[in-house]
>>> print(open('target_30.txt').read())   # compact mmCIF, C-alpha atoms and all ligand atoms
# COMPACT_ATOMS: atom_id res chain seq x y z
CA MET A 4 152.71 22.67 -58.36
CA LYS A 5 151.96 21.90 -61.97
CA VAL A 6 152.91 23.83 -65.12
CA ILE A 7 150.87 23.71 -68.33
CA THR A 8 152.53 25.02 -71.48
CA VAL A 9 150.19 26.99 -73.75
CA ASN A 10 151.01 27.76 -77.37
CA CYS A 11 150.07 31.36 -78.18
CA LEU A 12 150.27 33.38 -81.40
CA SER A 13 152.79 32.00 -83.91
CA ASP A 14 155.64 30.86 -81.65
CA ASN A 15 155.00 32.19 -78.13
CA PHE A 16 154.77 30.10 -74.99
CA SER A 17 152.51 31.13 -72.19
CA TYR A 18 152.37 29.07 -69.00
CA ILE A 19 149.73 28.28 -66.42
CA VAL A 20 151.15 27.45 -63.00
CA ILE A 21 148.62 25.59 -60.89
CA ASN A 22 148.59 25.12 -57.15
CA GLU A 23 147.19 21.61 -57.11
CA LYS A 24 145.86 21.94 -53.55
CA ASN A 25 143.14 24.38 -54.57
CA ASN A 26 143.44 24.75 -58.37
CA ASN A 27 144.36 28.41 -58.02
CA ALA A 28 146.62 29.43 -60.88
CA CYS A 29 148.76 32.14 -62.32
CA VAL A 30 149.33 32.75 -66.00
CA ILE A 31 152.75 33.79 -67.21
CA ASP A 32 152.90 36.04 -70.29
CA PRO A 33 149.49 35.55 -71.90
CA GLY A 34 150.18 36.67 -75.47
CA GLU A 35 146.50 36.15 -76.20
CA ALA A 36 143.46 35.19 -74.12
CA ASP A 37 141.62 32.47 -76.07
CA PRO A 38 144.08 29.57 -75.68
CA ILE A 39 144.21 30.27 -71.93
CA ILE A 40 140.42 30.44 -71.61
CA ASN A 41 140.10 27.08 -73.42
CA ILE A 42 142.42 25.38 -70.94
CA VAL A 43 140.70 26.99 -67.95
CA LYS A 44 137.34 25.63 -69.15
CA LYS A 45 138.69 22.12 -69.58
CA ASN A 46 140.61 21.95 -66.29
CA LYS A 47 138.43 23.87 -63.82
CA ILE A 48 141.21 26.12 -62.66
CA ASN A 49 140.90 29.55 -61.06
CA ILE A 50 143.13 32.15 -62.66
CA LYS A 51 144.10 34.44 -59.79
CA TYR A 52 147.17 36.17 -61.19
CA ILE A 53 148.85 37.23 -64.40
CA LEU A 54 152.63 37.63 -64.33
CA ASN A 55 154.34 39.50 -67.16
CA THR A 56 158.08 39.24 -67.84
CA HIS A 57 158.04 42.37 -70.01
CA HIS A 58 155.77 44.77 -71.83
CA HIS A 59 155.94 43.43 -75.42
CA GLU A 60 152.53 42.83 -76.97
CA ASP A 61 153.20 39.12 -77.60
CA HIS A 62 153.55 38.69 -73.81
CA VAL A 63 150.78 40.97 -72.52
CA GLY A 64 148.21 40.82 -75.36
CA GLY A 65 145.77 38.69 -73.32
CA ASN A 66 146.02 40.67 -70.06
CA LEU A 67 142.91 42.84 -70.24
CA GLU A 68 140.56 40.18 -71.56
CA LEU A 69 141.69 37.66 -68.93
CA LYS A 70 141.54 40.25 -66.17
CA LYS A 71 137.97 41.14 -67.13
CA LYS A 72 136.89 37.52 -67.38
CA PHE A 73 138.57 36.12 -64.26
CA ASN A 74 139.01 39.25 -62.16
CA CYS A 75 142.67 38.39 -61.66
CA ASN A 76 145.53 40.46 -60.35
CA VAL A 77 148.23 41.59 -62.85
CA LEU A 78 151.80 41.63 -61.55
CA GLY A 79 154.79 43.15 -63.32
CA PHE A 80 158.04 45.00 -62.76
CA VAL A 81 157.66 48.44 -61.22
CA ASP A 82 159.60 50.13 -64.06
CA ASP A 83 157.09 48.73 -66.57
CA LYS A 84 154.05 50.06 -64.70
CA ASN A 85 153.16 52.43 -67.53
CA TYR A 86 153.53 49.77 -70.22
CA ILE A 87 151.88 46.63 -68.87
CA PRO A 88 148.11 46.69 -69.53
CA GLY A 89 146.00 46.32 -66.39
CA ILE A 90 148.94 46.14 -63.98
CA ASP A 91 147.89 46.09 -60.28
CA THR A 92 150.97 44.98 -58.34
CA PHE A 93 154.45 46.41 -58.84
CA LEU A 94 157.29 43.96 -58.27
CA LYS A 95 160.84 44.97 -57.44
CA ASP A 96 164.21 43.40 -58.22
CA LYS A 97 165.16 40.54 -55.86
CA GLU A 98 161.80 40.79 -54.16
CA LEU A 99 160.13 37.76 -52.66
CA TYR A 100 156.43 37.59 -53.47
CA LYS A 101 154.49 35.32 -51.18
CA ASP A 102 150.81 34.72 -50.58
CA LYS A 103 148.62 31.75 -49.72
CA ASP A 104 148.93 30.26 -53.22
CA PHE A 105 152.34 31.13 -54.63
CA GLU A 106 155.83 32.11 -53.70
CA PHE A 107 158.45 33.35 -56.16
CA MET A 108 161.41 35.67 -56.57
CA THR A 109 161.59 38.40 -59.22
CA TYR A 110 164.95 39.21 -60.80
CA HIS A 111 165.50 42.24 -63.02
CA THR A 112 167.20 41.04 -66.24
CA PRO A 113 167.45 44.04 -68.59
CA GLY A 114 168.74 43.69 -72.14
CA HIS A 115 165.85 42.58 -74.35
CA THR A 116 163.86 45.41 -72.76
CA LEU A 117 164.96 47.73 -69.96
CA GLY A 118 162.31 46.45 -67.55
CA HIS A 119 162.52 42.73 -68.30
CA VAL A 120 162.23 40.40 -65.30
CA VAL A 121 162.34 36.64 -64.75
CA PHE A 122 160.34 34.75 -62.14
CA HIS A 123 161.96 32.05 -60.04
CA PHE A 124 159.61 29.70 -58.21
CA HIS A 125 162.48 28.69 -55.95
CA LYS A 126 160.68 25.99 -53.98
CA TYR A 127 160.15 24.02 -57.16
CA ASN A 128 163.12 25.33 -59.14
CA PHE A 129 161.05 26.65 -62.02
CA LEU A 130 162.31 29.72 -63.85
CA PHE A 131 160.10 31.68 -66.24
CA SER A 132 162.67 33.41 -68.40
CA GLY A 133 160.50 35.29 -70.93
CA ASP A 134 162.68 36.69 -73.71
CA THR A 135 165.89 36.82 -71.67
CA LEU A 136 166.91 33.18 -72.08
CA PHE A 137 165.68 30.63 -74.63
CA SER A 138 166.70 27.06 -75.17
CA LEU A 139 170.10 27.42 -76.92
CA GLY A 140 169.63 31.16 -77.33
CA CYS A 141 168.95 34.48 -75.70
CA GLY A 142 166.72 37.42 -76.46
CA ARG A 143 167.50 40.07 -79.01
CA ILE A 144 168.78 43.29 -77.55
CA PHE A 145 166.12 45.90 -78.21
CA GLU A 146 166.08 48.48 -75.43
CA GLY A 147 169.13 47.60 -73.36
CA THR A 148 172.81 47.04 -74.02
CA HIS A 149 174.93 43.93 -74.59
CA ASP A 150 176.55 44.61 -71.24
CA GLN A 151 173.16 44.52 -69.49
CA MET A 152 172.11 41.31 -71.24
CA PHE A 153 175.44 39.63 -70.45
CA ASN A 154 174.99 40.49 -66.76
CA SER A 155 171.37 39.37 -66.80
CA LEU A 156 172.42 35.95 -68.07
CA LYS A 157 174.97 35.79 -65.25
CA ILE A 158 172.12 36.11 -62.73
CA ILE A 159 170.41 33.09 -64.26
CA LYS A 160 173.67 31.13 -64.41
CA LYS A 161 173.97 31.42 -60.62
CA LEU A 162 170.68 29.63 -59.95
CA SER A 163 170.72 26.00 -58.93
CA LYS A 164 171.80 23.71 -61.77
CA ASP A 165 168.63 21.65 -61.70
CA THR A 166 166.44 24.69 -62.40
CA MET A 167 163.89 24.01 -65.13
CA ILE A 168 163.67 26.93 -67.54
CA TYR A 169 160.34 27.80 -69.12
CA PHE A 170 161.12 30.22 -71.93
CA GLY A 171 159.06 32.62 -74.05
CA HIS A 172 159.43 31.46 -77.67
CA GLU A 173 159.84 28.31 -79.73
CA TYR A 174 163.07 29.39 -81.40
CA THR A 175 164.93 26.20 -80.55
CA LYS A 176 165.47 24.88 -84.09
CA SER A 177 167.06 28.08 -85.34
CA ASN A 178 169.04 28.46 -82.11
CA LEU A 179 170.27 24.87 -82.43
CA ASN A 180 171.53 25.53 -85.96
CA PHE A 181 173.33 28.65 -84.78
CA CYS A 182 175.00 26.80 -81.88
CA LEU A 183 176.01 23.87 -84.12
CA PHE A 184 177.49 26.27 -86.67
CA ASN A 185 179.58 28.15 -84.11
CA ASP A 186 180.36 25.34 -81.66
CA PRO A 187 180.65 22.30 -83.95
CA ASN A 188 182.73 20.13 -81.61
CA ASN A 189 180.42 20.34 -78.59
CA ILE A 190 179.52 16.72 -77.78
CA GLN A 191 176.67 17.60 -75.43
CA LEU A 192 175.20 19.82 -78.11
CA LYS A 193 175.38 17.07 -80.71
CA ASN A 194 173.68 14.73 -78.26
CA LYS A 195 170.74 17.13 -78.03
CA VAL A 196 170.03 17.27 -81.76
CA LYS A 197 168.03 14.06 -81.95
CA LYS A 198 165.90 14.86 -78.91
CA ILE A 199 165.06 18.33 -80.18
CA TYR A 200 164.09 17.10 -83.64
CA GLN A 201 161.96 14.32 -82.16
CA LEU A 202 159.95 16.91 -80.25
CA ILE A 203 159.66 19.33 -83.16
CA ASP A 204 158.72 16.63 -85.66
CA ALA A 205 156.03 15.38 -83.26
CA GLY A 206 154.63 18.93 -82.99
CA LYS A 207 155.59 19.11 -79.32
CA PRO A 208 157.11 22.13 -77.55
CA THR A 209 160.82 22.02 -76.68
CA THR A 210 160.15 23.85 -73.39
CA PRO A 211 161.19 23.48 -70.61
CA THR A 212 164.94 23.06 -70.71
CA SER A 213 167.26 22.70 -67.73
CA LEU A 214 169.96 25.09 -66.58
CA ILE A 215 172.58 22.34 -66.54
CA ASP A 216 171.82 21.53 -70.19
CA GLU A 217 171.96 25.17 -71.20
CA LEU A 218 175.26 25.75 -69.41
CA GLN A 219 176.78 22.99 -71.52
CA THR A 220 175.17 23.74 -74.87
CA ASN A 221 173.88 27.34 -75.09
CA ILE A 222 176.65 29.30 -76.76
CA PHE A 223 175.47 32.57 -75.17
CA LEU A 224 175.64 31.14 -71.66
CA LYS A 225 179.02 29.62 -72.50
CA SER A 226 180.44 33.02 -73.50
CA GLU A 227 183.09 33.85 -70.95
CA ASN A 228 183.43 37.55 -71.65
CA LEU A 229 181.40 40.45 -72.96
CA GLU A 230 183.38 40.67 -76.18
CA THR A 231 182.59 37.08 -77.20
CA PHE A 232 178.98 37.49 -76.16
CA LYS A 233 178.58 40.69 -78.19
CA LYS A 234 180.13 39.10 -81.28
CA LEU A 235 177.81 36.09 -81.07
CA ARG A 236 174.70 38.18 -80.43
CA ASP A 237 175.50 40.33 -83.50
CA LEU A 238 176.13 37.22 -85.62
CA LYS A 239 172.81 35.70 -84.49
CA ASP A 240 170.91 38.85 -85.48
CA ASN A 241 171.96 38.16 -89.06
CA PHE A 242 171.97 34.36 -89.01
ZN ZN B 1 159.82 40.47 -76.22
FE FE B 2 158.54 37.93 -77.23
>>> encode(input="target_30.txt", output="structure tokens")
Amino acid sequence: MKVITVNCLSDNFSYIVINEKNNNACVIDPGEADPIINIVKKNKINIKYILNTHHHEDHVGGNLELKKKFNCNVLGFVDDKNYIPGIDTFLKDKELYKDKDFEFMTYHTPGHTLGHVVFHFHKYNFLFSGDTLFSLGCGRIFEGTHDQMFNSLKIIKKLSKDTMIYFGHEYTKSNLNFCLFNDPNNIQLKNKVKKIYQLIDAGKPTTPTSLIDELQTNIFLKSENLETFKKLRDLKDNF
């Protein structure tokens, strides 16, 4: 199984997951169609599925064009069935999806939106976290509550430590500054600074990250109670 990171719009990441046995692929959160189409042309892959973590335009903007062009199946959370363009298959919380090409678990992680989900390709330990978890940050709370988001992060924290996390936006530089400001004595965090800047300065994406790294350095994942989490989330909104 191979994952290609695709830059979309100004700072979105979309991903193409390829089954290397047959080149069948699924696209996660196509914010727009053109960058995906370009990669498909170059790599001779067959887009069979689109998976959406949530209904925001910057994650579903390419759905209809890709569906028309590749005749692919659109999968999303059942509660978002009226908001995800072109949706065909309704996924449920803690449901295992399995077919001849792919196998993954869907987990409902409300907070950023009420119907947000993450996709865990458990055989390979890939997590597509959309706008629930970013490297060194978490999503803004738009539709849900702090309580919901705090619990959603707990679900991710329970996954195996070597899970690779493919997140929805390149917000890492700003998130890093926020973490450094509020957690200045964190050695592991300080050790990450150089690596992150090397990637950013080279114009490379900072995705994926690993769960073990995030547990040590992401101040939102490190929050032990709802009160601390809420305070930090509010501070970040105005950082
Ligand atoms: Zn969003
Ligand atoms: Fe987004």
>>> residues_near_ligand(input="target_30.txt", ligand="ligand FE 2 (chain B)", cutoff="8 Å", atoms="only C-alpha atoms and all ligand atoms", output="PyMOL selection string")
chain A and resi 15+59-62+133-134+171-172
>>> residues_around(input="target_30.txt", residues="Asn194 in chain A", least_positions_apart="4", cutoff="12 Å", atoms="only C-alpha atoms", output="list in words")
Leu179, Leu183, Pro187, Asn188, Asn189, Ile190, Lys198, Ile199, Tyr200, Asp216, Gln219 and Thr220 of chain A
>>> residues_near_ligand(input="target_30.txt", ligand="ligand ZN 1 (chain B)", cutoff="12 Å", atoms="only C-alpha atoms and all ligand atoms", output="VMD selection string")
chain A and resid 14 to 16 32 34 55 to 64 113 to 120 132 to 137 141 to 146 170 to 172
>>> closest_residue(input="target_30.txt", among="A:Phe223, A:Tyr174, A:Phe107, A:Phe93", to="Tyr127 in chain A", atoms="all atoms listed in the file")
A:Phe107
>>> atom_distance(input="target_30.txt", atom1="CA of Met152 in chain A", atom2="CA of Leu229 in chain A")
9.5 Å
>>> atom_distance(input="target_30.txt", atom1="CA of Asn178 in chain A", atom2="CA of Gly140 in chain A")
5.5 Å
>>> closest_atom_pairs(input="target_30.txt", of="range 64-149 of chain A", to="range 43-46 of chain A", cutoff="12 Å", atoms="only C-alpha atoms", output="Markdown table")
| residue | atom | partner | partner_atom | distance |
| --- | --- | --- | --- | --- |
| A:Leu69 | CA | A:Val43 | CA | 10.8 |
| A:Lys72 | CA | A:Val43 | CA | 11.2 |
| A:Phe73 | CA | A:Val43 | CA | 10.1 |
>>> atom_distance(input="target_30.txt", atom1="CA of Ile90 in chain A", atom2="CA of Thr166 in chain A")
27.7 Å
>>> closest_residue(input="target_30.txt", among="A:Lys160, A:Thr210, A:Leu192, A:Phe153", to="Phe232 in chain A", atoms="all atoms listed in the file")
A:Phe153
>>> closest_residue(input="target_30.txt", among="A:Tyr100, A:Asn180, A:Leu162, A:His111", to="Asp82 in chain A", atoms="all atoms listed in the file")
A:His111
>>> closest_residue(input="target_30.txt", among="A:Val77, A:Ser163, A:Asp104, A:Ser138", to="Pro208 in chain A", atoms="only C-alpha atoms")
A:Ser138
>>> closest_residue(input="target_30.txt", among="A:Lys234, A:Glu68, A:Leu78, A:Gln201", to="Leu94 in chain A", atoms="only C-alpha atoms")
A:Leu78
>>> closest_residue(input="target_30.txt", among="A:Lys84, A:Asp204, A:Asp240, A:Gly79", to="Glu98 in chain A", atoms="all atoms listed in the file")
A:Gly79
>>> build_atoms(input="target_30.txt", residues="range 4-24 of chain A", atoms="N, CA, C and O atoms", output="tab-separated table (two decimals), in the coordinates of the input")
chain	number	residue	atom	x	y	z
A	4	MET	N	152.77	21.58	-57.38
A	4	MET	CA	152.71	22.67	-58.36
A	4	MET	C	152.86	22.08	-59.76
A	4	MET	O	153.76	21.28	-60.01
A	5	LYS	N	151.95	22.47	-60.63
A	5	LYS	CA	151.96	21.90	-61.97
A	5	LYS	C	152.06	23.03	-63.00
A	5	LYS	O	151.47	24.10	-62.79
A	6	VAL	N	152.78	22.80	-64.08
A	6	VAL	CA	152.91	23.83	-65.12
A	6	VAL	C	152.32	23.29	-66.43
A	6	VAL	O	152.68	22.20	-66.87
A	7	ILE	N	151.40	24.06	-67.00
A	7	ILE	CA	150.87	23.71	-68.33
A	7	ILE	C	151.44	24.70	-69.33
A	7	ILE	O	151.40	25.91	-69.13
A	8	THR	N	152.00	24.17	-70.41
A	8	THR	CA	152.53	25.02	-71.48
A	8	THR	C	151.41	25.32	-72.47
A	8	THR	O	150.68	24.41	-72.88
A	9	VAL	N	151.26	26.59	-72.83
A	9	VAL	CA	150.19	26.99	-73.75
A	9	VAL	C	150.82	27.66	-74.97
A	9	VAL	O	151.55	28.65	-74.83
A	10	ASN	N	150.53	27.11	-76.15
A	10	ASN	CA	151.01	27.76	-77.37
A	10	ASN	C	150.16	28.98	-77.65
A	10	ASN	O	148.93	28.89	-77.68
A	11	CYS	N	150.79	30.12	-77.86
A	11	CYS	CA	150.07	31.36	-78.18
A	11	CYS	C	150.67	31.96	-79.45
A	11	CYS	O	151.87	31.79	-79.72
A	12	LEU	N	149.81	32.67	-80.20
A	12	LEU	CA	150.27	33.38	-81.40
A	12	LEU	C	151.07	32.43	-82.28
A	12	LEU	O	150.77	31.24	-82.33
A	13	SER	N	152.12	32.91	-82.98
A	13	SER	CA	152.79	32.00	-83.91
A	13	SER	C	153.83	31.13	-83.20
A	13	SER	O	153.93	29.93	-83.49
A	14	ASP	N	154.60	31.69	-82.28
A	14	ASP	CA	155.64	30.86	-81.65
A	14	ASP	C	155.87	31.21	-80.18
A	14	ASP	O	156.93	30.94	-79.64
A	15	ASN	N	154.86	31.84	-79.56
A	15	ASN	CA	155.00	32.19	-78.13
A	15	ASN	C	154.58	31.05	-77.22
A	15	ASN	O	153.66	30.28	-77.55
A	16	PHE	N	155.24	30.98	-76.06
A	16	PHE	CA	154.77	30.10	-74.99
A	16	PHE	C	154.26	30.94	-73.84
A	16	PHE	O	154.93	31.85	-73.36
A	17	SER	N	153.04	30.60	-73.43
A	17	SER	CA	152.51	31.13	-72.19
A	17	SER	C	152.44	29.93	-71.25
A	17	SER	O	152.47	28.78	-71.71
A	18	TYR	N	152.40	30.18	-69.95
A	18	TYR	CA	152.37	29.07	-69.00
A	18	TYR	C	151.30	29.29	-67.95
A	18	TYR	O	151.08	30.43	-67.52
A	19	ILE	N	150.66	28.21	-67.54
A	19	ILE	CA	149.73	28.28	-66.42
A	19	ILE	C	150.33	27.46	-65.29
A	19	ILE	O	150.61	26.27	-65.45
A	20	VAL	N	150.59	28.13	-64.17
A	20	VAL	CA	151.15	27.45	-63.00
A	20	VAL	C	150.00	27.21	-62.03
A	20	VAL	O	149.32	28.16	-61.63
A	21	ILE	N	149.79	25.95	-61.69
A	21	ILE	CA	148.62	25.59	-60.89
A	21	ILE	C	149.03	25.06	-59.52
A	21	ILE	O	149.83	24.14	-59.42
A	22	ASN	N	148.46	25.65	-58.51
A	22	ASN	CA	148.59	25.12	-57.15
A	22	ASN	C	147.58	23.98	-57.04
A	22	ASN	O	146.36	24.21	-56.98
A	23	GLU	N	148.10	22.76	-57.01
A	23	GLU	CA	147.19	21.61	-57.11
A	23	GLU	C	146.34	21.38	-55.86
A	23	GLU	O	145.39	20.61	-55.90
A	24	LYS	N	146.67	22.09	-54.77
A	24	LYS	CA	145.86	21.94	-53.55
A	24	LYS	C	144.48	22.56	-53.72
A	24	LYS	O	143.49	22.08	-53.17
